[in-house]
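Source file structure_23.pdb; content: PDB, C-alpha atoms and all ligand atoms.
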ATOM      1  CA  MET A   1      89.956 206.538 107.600  1.00  0.00           C
ATOM      2  CA  SER A   2      92.029 204.573 105.151  1.00  0.00           C
ATOM      3  CA  ASP A   3      91.898 205.471 101.486  1.00  0.00           C
ATOM      4  CA  THR A   4      92.952 202.114 100.265  1.00  0.00           C
ATOM      5  CA  THR A   5      90.493 200.483  97.975  1.00  0.00           C
ATOM      6  CA  THR A   6      89.895 196.824  97.979  1.00  0.00           C
ATOM      7  CA  LYS A   7      89.727 195.211  94.610  1.00  0.00           C
ATOM      8  CA  PRO A   8      87.784 192.051  94.279  1.00  0.00           C
ATOM      9  CA  ARG A   9      90.290 189.343  93.692  1.00  0.00           C
ATOM     10  CA  VAL A  10      89.315 186.750  91.230  1.00  0.00           C
ATOM     11  CA  LYS A  11      91.682 183.922  91.772  1.00  0.00           C
ATOM     12  CA  ALA A  12      92.918 182.799  88.412  1.00  0.00           C
ATOM     13  CA  ARG A  13      92.580 179.084  88.153  1.00  0.00           C
ATOM     14  CA  SER A  14      95.865 177.987  86.763  1.00  0.00           C
ATOM     15  CA  LYS A  15      95.316 175.053  84.508  1.00  0.00           C
ATOM     16  CA  VAL A  16      97.921 172.600  85.627  1.00  0.00           C
ATOM     17  CA  GLU A  17      98.143 169.843  83.106  1.00  0.00           C
ATOM     18  CA  ARG A  18      98.981 166.518  84.616  1.00  0.00           C
ATOM     19  CA  PRO A  19     101.684 164.659  82.721  1.00  0.00           C
ATOM     20  CA  ARG A  20     100.180 161.971  80.536  1.00  0.00           C
ATOM     21  CA  LEU A  21     100.641 158.416  81.692  1.00  0.00           C
ATOM     22  CA  HIS A  22     102.290 155.817  79.523  1.00  0.00           C
ATOM     23  CA  LYS A  23     101.165 152.234  78.997  1.00  0.00           C
ATOM     24  CA  VAL A  24     103.557 149.321  79.281  1.00  0.00           C
ATOM     25  CA  ILE A  25     102.528 146.754  76.676  1.00  0.00           C
ATOM     26  CA  LEU A  26     103.564 143.098  76.655  1.00  0.00           C
ATOM     27  CA  LEU A  27     104.026 141.652  73.150  1.00  0.00           C
ATOM     28  CA  ASN A  28     103.569 138.000  72.294  1.00  0.00           C
ATOM     29  CA  ASP A  29     106.292 135.892  70.701  1.00  0.00           C
ATOM     30  CA  ASN A  30     106.534 132.220  69.829  1.00  0.00           C
ATOM     31  CA  PHE A  31     109.525 131.308  71.985  1.00  0.00           C
ATOM     32  CA  THR A  32     109.427 132.702  75.518  1.00  0.00           C
ATOM     33  CA  PRO A  33     107.985 130.095  77.910  1.00  0.00           C
ATOM     34  CA  ARG A  34     104.650 131.086  79.462  1.00  0.00           C
ATOM     35  CA  GLU A  35     105.949 130.483  82.996  1.00  0.00           C
ATOM     36  CA  PHE A  36     108.870 132.819  82.379  1.00  0.00           C
ATOM     37  CA  VAL A  37     106.539 135.606  81.190  1.00  0.00           C
ATOM     38  CA  VAL A  38     104.441 135.149  84.332  1.00  0.00           C
ATOM     39  CA  LYS A  39     107.559 135.323  86.515  1.00  0.00           C
ATOM     40  CA  VAL A  40     108.767 138.556  84.889  1.00  0.00           C
ATOM     41  CA  LEU A  41     105.328 140.153  85.313  1.00  0.00           C
ATOM     42  CA  LYS A  42     105.305 139.221  89.001  1.00  0.00           C
ATOM     43  CA  VAL A  43     108.844 140.411  89.732  1.00  0.00           C
ATOM     44  CA  GLU A  44     108.996 143.583  87.623  1.00  0.00           C
ATOM     45  CA  PHE A  45     105.389 144.764  87.885  1.00  0.00           C
ATOM     46  CA  HIS A  46     104.393 143.280  91.251  1.00  0.00           C
ATOM     47  CA  LEU A  47     101.400 141.453  89.773  1.00  0.00           C
ATOM     48  CA  SER A  48      99.864 138.530  91.638  1.00  0.00           C
ATOM     49  CA  GLU A  49     100.118 135.049  90.119  1.00  0.00           C
ATOM     50  CA  ASP A  50      96.539 135.369  88.891  1.00  0.00           C
ATOM     51  CA  GLN A  51      96.973 138.858  87.394  1.00  0.00           C
ATOM     52  CA  ALA A  52     100.266 137.851  85.755  1.00  0.00           C
ATOM     53  CA  TYR A  53      98.717 134.721  84.231  1.00  0.00           C
ATOM     54  CA  ARG A  54      95.786 136.728  82.818  1.00  0.00           C
ATOM     55  CA  VAL A  55      98.056 139.348  81.261  1.00  0.00           C
ATOM     56  CA  MET A  56     100.337 136.655  79.791  1.00  0.00           C
ATOM     57  CA  ILE A  57      97.464 134.617  78.316  1.00  0.00           C
ATOM     58  CA  THR A  58      95.822 137.747  76.860  1.00  0.00           C
ATOM     59  CA  ALA A  59      99.080 138.689  75.098  1.00  0.00           C
ATOM     60  CA  HIS A  60      99.472 135.060  73.958  1.00  0.00           C
ATOM     61  CA  ARG A  61      95.964 134.984  72.440  1.00  0.00           C
ATOM     62  CA  ARG A  62      95.629 138.535  71.122  1.00  0.00           C
ATOM     63  CA  GLY A  63      99.225 139.489  70.355  1.00  0.00           C
ATOM     64  CA  ALA A  64      99.618 142.155  73.036  1.00  0.00           C
ATOM     65  CA  CYS A  65      98.280 143.211  76.425  1.00  0.00           C
ATOM     66  CA  VAL A  66      98.548 146.363  78.537  1.00  0.00           C
ATOM     67  CA  VAL A  67     100.360 145.501  81.758  1.00  0.00           C
ATOM     68  CA  ALA A  68      99.963 148.820  83.633  1.00  0.00           C
ATOM     69  CA  VAL A  69     100.268 152.605  83.291  1.00  0.00           C
ATOM     70  CA  PHE A  70     102.938 154.811  84.840  1.00  0.00           C
ATOM     71  CA  PRO A  71     104.565 158.222  84.398  1.00  0.00           C
ATOM     72  CA  LYS A  72     106.723 158.155  81.231  1.00  0.00           C
ATOM     73  CA  ASP A  73     110.113 157.612  82.882  1.00  0.00           C
ATOM     74  CA  VAL A  74     108.829 154.825  85.151  1.00  0.00           C
ATOM     75  CA  ALA A  75     107.087 153.074  82.225  1.00  0.00           C
ATOM     76  CA  GLU A  76     110.260 153.197  80.130  1.00  0.00           C
ATOM     77  CA  THR A  77     112.496 151.940  82.939  1.00  0.00           C
ATOM     78  CA  LYS A  78     110.173 149.040  83.740  1.00  0.00           C
ATOM     79  CA  ALA A  79     109.747 148.076  80.080  1.00  0.00           C
ATOM     80  CA  THR A  80     113.528 148.063  79.598  1.00  0.00           C
ATOM     81  CA  ARG A  81     114.160 146.030  82.761  1.00  0.00           C
ATOM     82  CA  ALA A  82     111.509 143.468  81.852  1.00  0.00           C
ATOM     83  CA  THR A  83     112.771 143.168  78.254  1.00  0.00           C
ATOM     84  CA  ASP A  84     116.341 142.785  79.548  1.00  0.00           C
ATOM     85  CA  ALA A  85     115.242 140.014  81.936  1.00  0.00           C
ATOM     86  CA  GLY A  86     114.130 138.004  78.886  1.00  0.00           C
ATOM     87  CA  LYS A  87     117.235 138.893  76.894  1.00  0.00           C
ATOM     88  CA  ALA A  88     119.451 137.673  79.749  1.00  0.00           C
ATOM     89  CA  GLN A  89     117.885 134.210  79.311  1.00  0.00           C
ATOM     90  CA  GLY A  90     118.062 134.336  75.512  1.00  0.00           C
ATOM     91  CA  TYR A  91     114.328 135.018  75.026  1.00  0.00           C
ATOM     92  CA  PRO A  92     112.877 137.551  72.559  1.00  0.00           C
ATOM     93  CA  LEU A  93     110.339 138.801  75.142  1.00  0.00           C
ATOM     94  CA  ARG A  94     109.385 142.429  74.479  1.00  0.00           C
ATOM     95  CA  PHE A  95     107.709 145.187  76.426  1.00  0.00           C
ATOM     96  CA  GLU A  96     106.927 148.506  74.743  1.00  0.00           C
ATOM     97  CA  THR A  97     105.563 151.813  75.993  1.00  0.00           C
ATOM     98  CA  GLU A  98     103.105 154.258  74.463  1.00  0.00           C
ATOM     99  CA  PRO A  99     101.325 157.359  75.735  1.00  0.00           C
ATOM    100  CA  GLU A 100      97.782 156.925  76.989  1.00  0.00           C
ATOM    101  CA  GLU A 101      95.151 158.734  74.906  1.00  0.00           C
TER     102      GLU A 101
HETATM  103  N1  LIG B   1     103.500 132.544  73.088  1.00  0.00           N
HETATM  104  C1  LIG B   1     104.448 132.037  74.057  1.00  0.00           C
HETATM  105  C2  LIG B   1     104.453 130.512  74.032  1.00  0.00           C
HETATM  106  O1  LIG B   1     103.546 129.922  73.493  1.00  0.00           O
HETATM  107  C3  LIG B   1     104.129 132.503  75.486  1.00  0.00           C
HETATM  108  C4  LIG B   1     104.106 133.990  75.565  1.00  0.00           C
HETATM  109  C5  LIG B   1     102.988 134.622  76.069  1.00  0.00           C
HETATM  110  C6  LIG B   1     105.213 134.739  75.164  1.00  0.00           C
HETATM  111  C7  LIG B   1     102.940 136.027  76.130  1.00  0.00           C
HETATM  112  C8  LIG B   1     105.172 136.119  75.229  1.00  0.00           C
HETATM  113  O2  LIG B   1     103.986 138.084  75.794  1.00  0.00           O
HETATM  114  C9  LIG B   1     104.032 136.753  75.723  1.00  0.00           C
HETATM  115  N2  LIG B   1     105.475 129.898  74.619  1.00  0.00           N
END

Mind converting the file's structure to structure tokens?
Amino acid sequence: MSDTTTKPRVKARSKVERPRLHKVILLNDNFTPREFVVKVLKVEFHLSEDQAYRVMITAHRRGACVVAVFPKDVAETKATRATDAGKAQGYPLRFETEPEE
């Protein structure tokens, strides 16, 4: 007979924290043409025409609008690319990022 004892194993639940997502926020300005904002939203964020128009018009009316949420590095890369697309045409279009609550 074996003299090994069997201990009850309580599996420790490791609390794996998921990395917080970051919002990409579109900011309004008085110069960038509406159609250009819609185009950037479609190309950089893969929004449909309808989604892009709604985001653009919300930013236009309220000053800012959340475009989407992503892991931090993706949010920052997309915000930079979209801001640079405006800059390349001489527009002051801005996208910022901030952590989700
Ligand atoms: N306000 C701009 C205009 O009237 C259009 C615009 C909308 C610009 C949203 C930026 O995030 C923006 N031409």

The PyMOL selection byres (((not hetatm)) within 6 of (chain B and resi 1)) applied to the shown file, residues as an MDAnalysis selection string: chainID A and resid 26:34 56:57 59:60 93

Pick from A:Pro71, A:Gly86, A:Pro92, A:Gly63 nearest to Arg20 (chain A), counting all atoms listed in the file: A:Pro71

Å distance separating CA of Thr58 (chain A) from CA of Arg94 (chain A), one decimal place: 14.5 Å

Given the PyMOL selection byres (((chain A and resi 43-52) around 12) and not hetatm), the residues it picks as an NGL selection string: :A and (24-26 or 34-42 or 53-59 or 65-70 or 74-75 or 77-86 or 95)

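From CA of Lys15 (chain A) back to CA of Thr97 (chain A), the distance works out to 26.8 Å.
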
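For the atom pair formed by CA of Lys72 (chain A) and CA of Glu100 (chain A), the distance is 10.0 Å, given to one decimal.
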
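With all atoms listed in the file as the atoms that count, the residue of A:Glu101, A:Glu17, A:Glu96, A:Glu76 with the shortest distance to Ala64 (chain A) is A:Glu96.
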
Exercise on region 48-55 of chain A, axis-aligned box with 4 Å per side, report centre and edge lengths in Å to one decimal, as AutoDock Vina command-line options:
--center_x 98.0 --center_y 137.0 --center_z 86.4 --size_x 12.5 --size_y 12.6 --size_z 18.4
